[in-house]
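*Asks:* File start_24.cif follows (mmCIF, N, CA and C atoms and all ligand atoms):
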data_start
#
loop_
_atom_site.label_atom_id
_atom_site.label_comp_id
_atom_site.auth_asym_id
_atom_site.auth_seq_id
_atom_site.Cartn_x
_atom_site.Cartn_y
_atom_site.Cartn_z
N MET A 1 31.45 11.84 -31.39
CA MET A 1 32.62 12.26 -32.16
C MET A 1 33.76 11.25 -32.03
N ALA A 2 34.04 10.90 -30.79
CA ALA A 2 35.14 9.96 -30.53
C ALA A 2 34.90 8.64 -31.26
N ASP A 3 33.65 8.21 -31.24
CA ASP A 3 33.33 6.95 -31.90
C ASP A 3 33.57 7.02 -33.39
N LYS A 4 33.20 8.16 -33.96
CA LYS A 4 33.39 8.32 -35.40
C LYS A 4 34.86 8.25 -35.77
N LYS A 5 35.67 8.90 -34.95
CA LYS A 5 37.11 8.89 -35.20
C LYS A 5 37.65 7.47 -35.18
N MET A 6 37.17 6.72 -34.22
CA MET A 6 37.61 5.34 -34.06
C MET A 6 37.26 4.52 -35.30
N ILE A 7 36.06 4.73 -35.79
CA ILE A 7 35.61 3.98 -36.97
C ILE A 7 36.48 4.32 -38.18
N VAL A 8 36.78 5.61 -38.32
CA VAL A 8 37.62 6.04 -39.43
C VAL A 8 38.99 5.39 -39.33
N LEU A 9 39.52 5.37 -38.13
CA LEU A 9 40.84 4.80 -37.90
C LEU A 9 40.87 3.31 -38.25
N VAL A 10 39.88 2.61 -37.80
CA VAL A 10 39.83 1.17 -38.07
C VAL A 10 39.67 0.92 -39.56
N ALA A 11 38.82 1.72 -40.19
CA ALA A 11 38.60 1.57 -41.63
C ALA A 11 39.90 1.81 -42.38
N LEU A 12 40.62 2.82 -41.95
CA LEU A 12 41.88 3.16 -42.58
C LEU A 12 42.88 2.01 -42.46
N MET A 13 42.92 1.41 -41.30
CA MET A 13 43.85 0.30 -41.08
C MET A 13 43.52 -0.88 -41.98
N VAL A 14 42.25 -1.12 -42.15
CA VAL A 14 41.83 -2.23 -43.01
C VAL A 14 42.25 -1.94 -44.45
N VAL A 15 42.05 -0.71 -44.87
CA VAL A 15 42.43 -0.33 -46.23
C VAL A 15 43.93 -0.53 -46.44
N VAL A 16 44.71 -0.10 -45.47
CA VAL A 16 46.16 -0.25 -45.60
C VAL A 16 46.54 -1.73 -45.64
N ALA A 17 45.94 -2.52 -44.77
CA ALA A 17 46.25 -3.95 -44.74
C ALA A 17 45.93 -4.60 -46.08
N VAL A 18 44.78 -4.27 -46.62
CA VAL A 18 44.36 -4.85 -47.90
C VAL A 18 45.30 -4.39 -49.01
N SER A 19 45.68 -3.12 -48.98
CA SER A 19 46.59 -2.60 -49.99
C SER A 19 47.89 -3.37 -50.01
N ILE A 20 48.40 -3.66 -48.84
CA ILE A 20 49.67 -4.35 -48.76
C ILE A 20 49.53 -5.77 -49.32
N VAL A 21 48.46 -6.42 -48.95
CA VAL A 21 48.25 -7.78 -49.43
C VAL A 21 48.07 -7.77 -50.95
N ASP A 22 47.44 -6.74 -51.47
CA ASP A 22 47.20 -6.61 -52.90
C ASP A 22 48.43 -6.25 -53.72
N GLY A 23 49.50 -5.91 -53.04
CA GLY A 23 50.71 -5.56 -53.77
C GLY A 23 50.77 -4.12 -54.20
N GLN A 24 49.86 -3.29 -53.71
CA GLN A 24 50.00 -1.87 -53.97
C GLN A 24 51.01 -1.28 -53.01
N LYS A 25 51.43 -0.07 -53.33
CA LYS A 25 52.49 0.50 -52.50
C LYS A 25 51.97 1.20 -51.26
N VAL A 26 52.68 0.96 -50.16
CA VAL A 26 52.44 1.68 -48.92
C VAL A 26 53.78 2.28 -48.55
N CYS A 27 53.80 3.57 -48.31
CA CYS A 27 55.07 4.28 -48.04
C CYS A 27 56.04 4.06 -49.20
N ASN A 28 55.50 3.93 -50.38
CA ASN A 28 56.29 3.72 -51.61
C ASN A 28 57.05 2.39 -51.61
N ILE A 29 56.55 1.44 -50.84
CA ILE A 29 57.13 0.10 -50.87
C ILE A 29 56.00 -0.90 -51.13
N SER A 30 56.18 -1.74 -52.12
CA SER A 30 55.17 -2.76 -52.38
C SER A 30 55.43 -3.96 -51.49
N ARG A 31 54.46 -4.82 -51.43
CA ARG A 31 54.61 -6.00 -50.58
C ARG A 31 55.82 -6.83 -51.05
N THR A 32 55.98 -6.95 -52.35
CA THR A 32 57.10 -7.73 -52.90
C THR A 32 58.42 -7.11 -52.50
N GLU A 33 58.48 -5.78 -52.60
CA GLU A 33 59.72 -5.09 -52.22
C GLU A 33 59.98 -5.23 -50.73
N PHE A 34 58.90 -5.15 -50.00
CA PHE A 34 58.98 -5.30 -48.55
C PHE A 34 59.52 -6.69 -48.18
N ASP A 35 59.09 -7.69 -48.91
CA ASP A 35 59.52 -9.07 -48.63
C ASP A 35 61.03 -9.24 -48.75
N GLU A 36 61.65 -8.44 -49.61
CA GLU A 36 63.11 -8.52 -49.75
C GLU A 36 63.80 -8.19 -48.44
N CYS A 37 63.12 -7.40 -47.63
CA CYS A 37 63.71 -6.97 -46.36
C CYS A 37 63.29 -7.85 -45.19
N LEU A 38 62.39 -8.78 -45.43
CA LEU A 38 61.90 -9.60 -44.32
C LEU A 38 62.99 -10.33 -43.54
N PRO A 39 63.98 -10.97 -44.22
CA PRO A 39 65.01 -11.67 -43.43
C PRO A 39 65.76 -10.73 -42.50
N ALA A 40 65.83 -9.46 -42.88
CA ALA A 40 66.58 -8.49 -42.07
C ALA A 40 65.77 -7.96 -40.89
N MET A 41 64.48 -8.24 -40.87
CA MET A 41 63.65 -7.73 -39.77
C MET A 41 62.92 -8.85 -39.04
N THR A 42 63.44 -10.06 -39.16
CA THR A 42 62.81 -11.18 -38.49
C THR A 42 63.69 -11.66 -37.34
N ALA A 43 63.16 -11.58 -36.15
CA ALA A 43 63.88 -12.07 -34.97
C ALA A 43 63.81 -13.60 -34.96
N PRO A 44 64.70 -14.31 -34.31
CA PRO A 44 65.80 -13.78 -33.48
C PRO A 44 67.13 -13.66 -34.23
N ASP A 45 67.13 -13.95 -35.52
CA ASP A 45 68.40 -14.03 -36.21
C ASP A 45 68.37 -13.24 -37.51
N PRO A 46 68.24 -11.90 -37.40
CA PRO A 46 68.11 -11.11 -38.64
C PRO A 46 69.40 -11.09 -39.45
N THR A 47 69.25 -11.09 -40.76
CA THR A 47 70.40 -10.99 -41.65
C THR A 47 70.71 -9.52 -41.90
N PHE A 48 71.84 -9.23 -42.49
CA PHE A 48 72.11 -7.87 -42.94
C PHE A 48 71.23 -7.65 -44.16
N PRO A 49 70.61 -6.45 -44.28
CA PRO A 49 69.71 -6.24 -45.43
C PRO A 49 70.41 -6.47 -46.77
N SER A 50 69.72 -7.14 -47.67
CA SER A 50 70.28 -7.43 -48.99
C SER A 50 70.36 -6.16 -49.82
N LYS A 51 71.09 -6.24 -50.92
CA LYS A 51 71.22 -5.11 -51.83
C LYS A 51 69.83 -4.71 -52.35
N GLU A 52 69.01 -5.70 -52.65
CA GLU A 52 67.66 -5.43 -53.16
C GLU A 52 66.84 -4.71 -52.10
N CYS A 53 66.96 -5.18 -50.88
CA CYS A 53 66.24 -4.54 -49.78
C CYS A 53 66.65 -3.08 -49.66
N CYS A 54 67.93 -2.83 -49.66
CA CYS A 54 68.42 -1.47 -49.50
C CYS A 54 67.95 -0.56 -50.64
N GLU A 55 67.92 -1.11 -51.84
CA GLU A 55 67.43 -0.30 -52.97
C GLU A 55 65.98 0.12 -52.73
N ASN A 56 65.20 -0.79 -52.19
CA ASN A 56 63.80 -0.46 -51.90
C ASN A 56 63.70 0.56 -50.77
N ILE A 57 64.56 0.41 -49.80
CA ILE A 57 64.56 1.35 -48.67
C ILE A 57 64.94 2.75 -49.15
N HIS A 58 65.82 2.80 -50.14
CA HIS A 58 66.22 4.10 -50.66
C HIS A 58 65.07 4.84 -51.31
N ASN A 59 64.11 4.08 -51.84
CA ASN A 59 62.95 4.72 -52.46
C ASN A 59 61.80 4.91 -51.48
N ALA A 60 61.93 4.33 -50.29
CA ALA A 60 60.82 4.34 -49.35
C ALA A 60 60.58 5.72 -48.75
N ASP A 61 59.35 5.93 -48.37
CA ASP A 61 58.95 7.15 -47.68
C ASP A 61 59.18 6.90 -46.18
N LEU A 62 60.33 7.29 -45.68
CA LEU A 62 60.69 6.94 -44.29
C LEU A 62 59.79 7.56 -43.22
N PRO A 63 59.42 8.84 -43.33
CA PRO A 63 58.49 9.38 -42.32
C PRO A 63 57.20 8.57 -42.26
N CYS A 64 56.78 8.10 -43.41
CA CYS A 64 55.59 7.26 -43.48
C CYS A 64 55.84 5.95 -42.75
N MET A 65 57.02 5.37 -42.96
CA MET A 65 57.35 4.12 -42.28
C MET A 65 57.41 4.30 -40.77
N CYS A 66 57.88 5.45 -40.36
CA CYS A 66 57.95 5.73 -38.92
C CYS A 66 56.57 5.63 -38.28
N SER A 67 55.57 6.07 -39.01
CA SER A 67 54.23 6.06 -38.44
C SER A 67 53.70 4.64 -38.24
N TYR A 68 54.38 3.67 -38.85
CA TYR A 68 53.94 2.28 -38.67
C TYR A 68 54.73 1.56 -37.59
N LYS A 69 55.68 2.30 -37.04
CA LYS A 69 56.63 1.68 -36.12
C LYS A 69 55.96 0.86 -35.02
N ASP A 70 54.94 1.45 -34.41
CA ASP A 70 54.29 0.75 -33.30
C ASP A 70 52.91 0.23 -33.69
N SER A 71 52.71 0.04 -34.97
CA SER A 71 51.36 -0.26 -35.39
C SER A 71 51.00 -1.73 -35.25
N TYR A 72 49.73 -1.90 -35.09
CA TYR A 72 49.12 -3.22 -35.05
C TYR A 72 49.40 -3.94 -36.36
N LEU A 73 49.34 -3.17 -37.44
CA LEU A 73 49.53 -3.74 -38.77
C LEU A 73 50.91 -4.39 -38.91
N ALA A 74 51.94 -3.65 -38.52
CA ALA A 74 53.30 -4.15 -38.70
C ALA A 74 53.55 -5.40 -37.86
N THR A 75 53.12 -5.32 -36.60
CA THR A 75 53.46 -6.43 -35.72
C THR A 75 52.57 -7.63 -35.92
N THR A 76 51.30 -7.38 -36.24
CA THR A 76 50.36 -8.50 -36.30
C THR A 76 50.14 -9.01 -37.71
N VAL A 77 49.90 -8.10 -38.64
CA VAL A 77 49.61 -8.54 -40.00
C VAL A 77 50.88 -8.94 -40.73
N LEU A 78 51.88 -8.09 -40.65
CA LEU A 78 53.12 -8.36 -41.37
C LEU A 78 54.08 -9.22 -40.55
N GLN A 79 53.85 -9.27 -39.24
CA GLN A 79 54.67 -10.08 -38.35
C GLN A 79 56.16 -9.76 -38.45
N VAL A 80 56.44 -8.47 -38.39
CA VAL A 80 57.84 -8.07 -38.38
C VAL A 80 58.19 -7.53 -36.99
N ASP A 81 59.45 -7.62 -36.68
CA ASP A 81 59.96 -7.02 -35.47
C ASP A 81 60.28 -5.58 -35.82
N THR A 82 59.40 -4.66 -35.38
CA THR A 82 59.54 -3.28 -35.85
C THR A 82 60.83 -2.64 -35.35
N GLU A 83 61.34 -3.12 -34.23
CA GLU A 83 62.59 -2.56 -33.74
C GLU A 83 63.73 -2.90 -34.71
N LEU A 84 63.72 -4.12 -35.19
CA LEU A 84 64.71 -4.52 -36.19
C LEU A 84 64.46 -3.78 -37.50
N ALA A 85 63.20 -3.65 -37.85
CA ALA A 85 62.85 -2.98 -39.11
C ALA A 85 63.38 -1.56 -39.15
N MET A 86 63.30 -0.88 -38.01
CA MET A 86 63.73 0.51 -37.97
C MET A 86 65.26 0.65 -38.01
N LYS A 87 65.95 -0.46 -37.86
CA LYS A 87 67.41 -0.40 -37.95
C LYS A 87 67.88 -0.58 -39.38
N ILE A 88 67.01 -1.05 -40.24
CA ILE A 88 67.41 -1.33 -41.63
C ILE A 88 67.85 -0.09 -42.39
N PRO A 89 67.07 1.02 -42.34
CA PRO A 89 67.52 2.19 -43.12
C PRO A 89 68.95 2.59 -42.78
N LYS A 90 69.30 2.53 -41.51
CA LYS A 90 70.64 2.90 -41.10
C LYS A 90 71.67 1.96 -41.72
N LYS A 91 71.37 0.69 -41.71
CA LYS A 91 72.28 -0.30 -42.31
C LYS A 91 72.41 -0.09 -43.81
N CYS A 92 71.40 0.51 -44.39
CA CYS A 92 71.43 0.79 -45.83
C CYS A 92 71.97 2.19 -46.11
N GLY A 93 72.43 2.86 -45.08
CA GLY A 93 73.02 4.18 -45.28
C GLY A 93 72.03 5.33 -45.34
N ARG A 94 70.82 5.10 -44.82
CA ARG A 94 69.84 6.18 -44.77
C ARG A 94 69.60 6.61 -43.33
N VAL A 95 69.32 7.87 -43.15
CA VAL A 95 69.07 8.36 -41.81
C VAL A 95 67.57 8.49 -41.60
N LEU A 96 67.11 7.91 -40.51
CA LEU A 96 65.68 8.00 -40.18
C LEU A 96 65.34 9.41 -39.73
N PRO A 97 64.16 9.88 -40.09
CA PRO A 97 63.75 11.19 -39.61
C PRO A 97 63.64 11.19 -38.09
N SER A 98 63.88 12.32 -37.52
CA SER A 98 63.84 12.41 -36.07
C SER A 98 62.82 13.47 -35.64
N PRO A 99 61.88 13.19 -34.74
CA PRO A 99 61.76 11.91 -34.05
C PRO A 99 61.07 10.86 -34.90
N CYS A 100 61.38 9.62 -34.66
CA CYS A 100 60.74 8.54 -35.41
C CYS A 100 60.13 7.56 -34.44
C1 LIG A 201 59.07 5.54 -55.19
O1 LIG A 201 59.80 4.44 -55.68
C2 LIG A 201 60.21 4.55 -57.04
C3 LIG A 201 60.94 3.26 -57.42
O2 LIG A 201 60.26 2.14 -57.00
C4 LIG A 201 61.10 5.76 -57.22
O3 LIG A 201 61.47 5.90 -58.57
C5 LIG A 201 60.38 7.01 -56.73
O4 LIG A 201 61.28 8.10 -56.77
C6 LIG A 201 59.88 6.80 -55.30
N1 LIG A 201 59.08 7.97 -54.90
C7 LIG A 201 59.35 8.67 -53.80
C8 LIG A 201 58.38 9.75 -53.47
O5 LIG A 201 60.32 8.44 -53.07
#
Kindly transcribe the structure held in the file into structure tokens.
*Replies:*
Amino acid sequence: MADKKMIVLVALMVVVAVSIVDGQKVCNISRTEFDECLPAMTAPDPTFPSKECCENIHNADLPCMCSYKDSYLATTVLQVDTELAMKIPKKCGRVLPSPC
């Protein structure tokens, strides 16, 4: 049983990774939209999120984003600093769901 769960999990991660690369939406944010926020979530010198970034964040599914907070996908595939990333909604005037 445990093995099956693991396989499902890995398969799911691959699907999500491919979706992002393909430009489909994940958490209601496409890869292109996500890229607008990249300067704001890149260490060591993040910028304040741009107007375009904030507009995308306003449409984003934040609880969904929370689930990626500590993910392999975010840190390894997308190479974002998730701690910085989680500060963006606040800078854009959105409140993150709690707990996140
Ligand atoms: C998803 O984003 C679009 C704009 O890109 C927005 O119109 C829509 O309301 C968003 N959906 C949700 C569920 O937030």
*Asks:* Let me know the centre plus edge lengths, in Å and rounded to one decimal, of a box with edges along x, y and z that contains all listed atoms of ligand LIG 201 (chain A) and is padded by 4 Å on every side, as lines of an AutoDock Vina configuration file.
*Replies:*
center_x = 59.9
center_y = 5.9
center_z = -55.8
size_x = 11.1
size_y = 15.6
size_z = 13.5
*Asks:* Please return as number ranges by chain the residues found within 8 Å of ligand LIG 201 (chain A), counting all atoms listed in the file.
*Replies:* A: 27-30, 55-56, 58-62
*Asks:* Atoms to include: N, CA and C atoms. Write the selected residues as a PDB file, keeping the file's coordinate frame.
*Replies:*
ATOM      1  N   CYS A  27      53.800   3.570 -48.310  1.00  0.00           N
ATOM      2  CA  CYS A  27      55.070   4.280 -48.040  1.00  0.00           C
ATOM      3  C   CYS A  27      56.040   4.060 -49.200  1.00  0.00           C
ATOM      4  N   ASN A  28      55.500   3.930 -50.380  1.00  0.00           N
ATOM      5  CA  ASN A  28      56.290   3.720 -51.610  1.00  0.00           C
ATOM      6  C   ASN A  28      57.050   2.390 -51.610  1.00  0.00           C
ATOM      7  N   ILE A  29      56.550   1.440 -50.840  1.00  0.00           N
ATOM      8  CA  ILE A  29      57.130   0.100 -50.870  1.00  0.00           C
ATOM      9  C   ILE A  29      56.000  -0.900 -51.130  1.00  0.00           C
ATOM     10  N   SER A  30      56.180  -1.740 -52.120  1.00  0.00           N
ATOM     11  CA  SER A  30      55.170  -2.760 -52.380  1.00  0.00           C
ATOM     12  C   SER A  30      55.430  -3.960 -51.490  1.00  0.00           C
ATOM     13  N   GLU A  55      67.920  -1.110 -51.840  1.00  0.00           N
ATOM     14  CA  GLU A  55      67.430  -0.300 -52.970  1.00  0.00           C
ATOM     15  C   GLU A  55      65.980   0.120 -52.730  1.00  0.00           C
ATOM     16  N   ASN A  56      65.200  -0.790 -52.190  1.00  0.00           N
ATOM     17  CA  ASN A  56      63.800  -0.460 -51.900  1.00  0.00           C
ATOM     18  C   ASN A  56      63.700   0.560 -50.770  1.00  0.00           C
ATOM     19  N   HIS A  58      65.820   2.800 -50.140  1.00  0.00           N
ATOM     20  CA  HIS A  58      66.220   4.100 -50.660  1.00  0.00           C
ATOM     21  C   HIS A  58      65.070   4.840 -51.310  1.00  0.00           C
ATOM     22  N   ASN A  59      64.110   4.080 -51.840  1.00  0.00           N
ATOM     23  CA  ASN A  59      62.950   4.720 -52.460  1.00  0.00           C
ATOM     24  C   ASN A  59      61.800   4.910 -51.480  1.00  0.00           C
ATOM     25  N   ALA A  60      61.930   4.330 -50.290  1.00  0.00           N
ATOM     26  CA  ALA A  60      60.820   4.340 -49.350  1.00  0.00           C
ATOM     27  C   ALA A  60      60.580   5.720 -48.750  1.00  0.00           C
ATOM     28  N   ASP A  61      59.350   5.930 -48.370  1.00  0.00           N
ATOM     29  CA  ASP A  61      58.950   7.150 -47.680  1.00  0.00           C
ATOM     30  C   ASP A  61      59.180   6.900 -46.180  1.00  0.00           C
ATOM     31  N   LEU A  62      60.330   7.290 -45.680  1.00  0.00           N
ATOM     32  CA  LEU A  62      60.690   6.940 -44.290  1.00  0.00           C
ATOM     33  C   LEU A  62      59.790   7.560 -43.220  1.00  0.00           C
TER      34      LEU A  62
END
*Asks:* Could you state the separation of atom CA of Cys37 of chain A and atom C of Lys51 of chain A in Å, given to one decimal place?
*Replies:*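 Separation between atom CA of Cys37 of chain A and atom C of Lys51 of chain A: 8.9 Å.
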*Asks:* Using only C-alpha atoms, list the residues that have an atom at most 12 Å from (63.0, 13.0, -36.1), coordinates as in the file, as a list in words.
*Replies:*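 Residues satisfying the cut-off, written out: Leu62, Pro63, Cys64, Cys66, Ser67, Val95, Leu96, Pro97, Ser98, Pro99 and Cys100 of chain A.
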*Asks:* Would you work out the distance separating atom CA of Lys5 of chain A from atom N of Val26 of chain A, expressed in Å to one decimal?
*Replies:*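 About the pair atom CA of Lys5 of chain A and atom N of Val26 of chain A: they are 23.0 Å apart.
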*Asks:* For atom C of Glu36 of chain A and atom C of Ala85 of chain A, determine how far apart the two atoms are, in Å to one decimal place.
*Replies:*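 Atom-to-atom, atom C of Glu36 of chain A and atom C of Ala85 of chain A are spaced 11.4 Å apart.
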*Asks:* Can you pull out the residues contacting segment 88-90 of chain A? Cut-off 8 Å, using all atoms listed in the file, and skip same-chain residues under 6 positions away; I want them as a list of chain:residue names.
*Replies:* A:Ala40, A:Met41, A:Phe48, A:Pro49, A:Cys53, A:Cys54, A:Ile57, A:His58, A:Leu96
*Asks:* What are the DSSP alpha helix (DSSP H) residues of segment 36-76 of chain A, as JSON, numbers by chain?
*Replies:* {"A": [36, 51, 52, 53, 54, 55, 56, 57, 58, 59, 62, 63, 64, 65, 66, 72]}
*Asks:* With distances taken over only C-alpha atoms, which residue among A:Glu33, A:Lys25, A:Gly93, A:Ala43 lies nearest Asp81 of chain A?
*Replies:*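 Among the listed residues, A:Ala43 lies closest to Asp81 of chain A.
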